[in-house]
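Participant: Take this structure first; my questions come after.
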Amino acid sequence: MNLVSGFLVVSGVFFLFMGAVGLVRFPDFYSRMHAAGKCDTLGSLLVLTGLAGHEGLGLTSVKLMTIAVFIFFTSPTATHAIVRAAHKNRVPFWNQGDRT
Amino acid sequence: MTDTFFLNVSIAILLAVLVALYRVLVGPNIIDRIVGVNVIGTKTITVIVLTGYLFERVEFFIDIAFLYALINFVGTLALSKYFEQKGVEHPGSTP
């Protein structure tokens, strides 16, 4: 485990944890999607890239990078589909002063 | 030493899963729960790969992680399309 891949994995875990905290703490649905969609994508990407750097060049790291590219495309797509479903059904926005 | 690092990283991600599980359990409407399940699935992919490092069988566990990513994506898309058609119950929605 060299320094660069360890740093990538630890920062990825930081982003994953902050995404989960944002999913709990934000007041309405759309801001929760803001936290969940971006932090999850970036965190998974950083962890998988760090593990591929730990592995070195080979079939395993190529598979890890394939999973990373797959998550890079599919996680925003899933987020967009969920927000579209919520917006078409008029899930309410947060107004200033509302306590949730 | 490396094993301890992977174990600690897995435990940290599982703590994040516990935090996200709150949104699945108490989410005000169904679509919040779908978001929570999607987030937990994305975290589970990294946990599966780290478990492969703990058991020193990474090349098998990576295939399982890829399959889990596929199922997570297709499941989330199917659930969101279904509730887009069916309607989401929330405070202020017309029954």
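Residue numbers start at 1 in each chain; chains themselves are named A, B, ... in the order of the structure tokens; ligands are numbered from 1 in the order shown.
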DSSP on the backbone, then: every residue of chain A marked alpha helix (DSSP H), written as number ranges by chain.
Facilitator: A: 3-25, 29-55, 59-88
Participant: Up to 9 Å from chain B, what residues of chain A turn up? Count only C-alpha atoms and give them as a count of residues only.
Facilitator: 51
Participant: What separation in Å, quoted to one decimal, exists between CA of Thr51 (chain B) and CA of Ile64 (chain B)?
Facilitator: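 Rounded to one decimal, the two atoms are 11.0 Å apart.
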Participant: Which of these, A:Val62, A:Ala35, A:Val69, A:Leu42, has the shortest distance to Gly12 (chain A) once you count only C-alpha atoms?
Facilitator: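 Among the listed residues, the smallest separation from Gly12 (chain A) belongs to A:Leu42.
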Participant: Just how far from CA of Ser5 (chain A) is CA of Gly53 (chain A), in Å to one decimal?
Facilitator: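 Rounded to one decimal, the two atoms are 5.6 Å apart.
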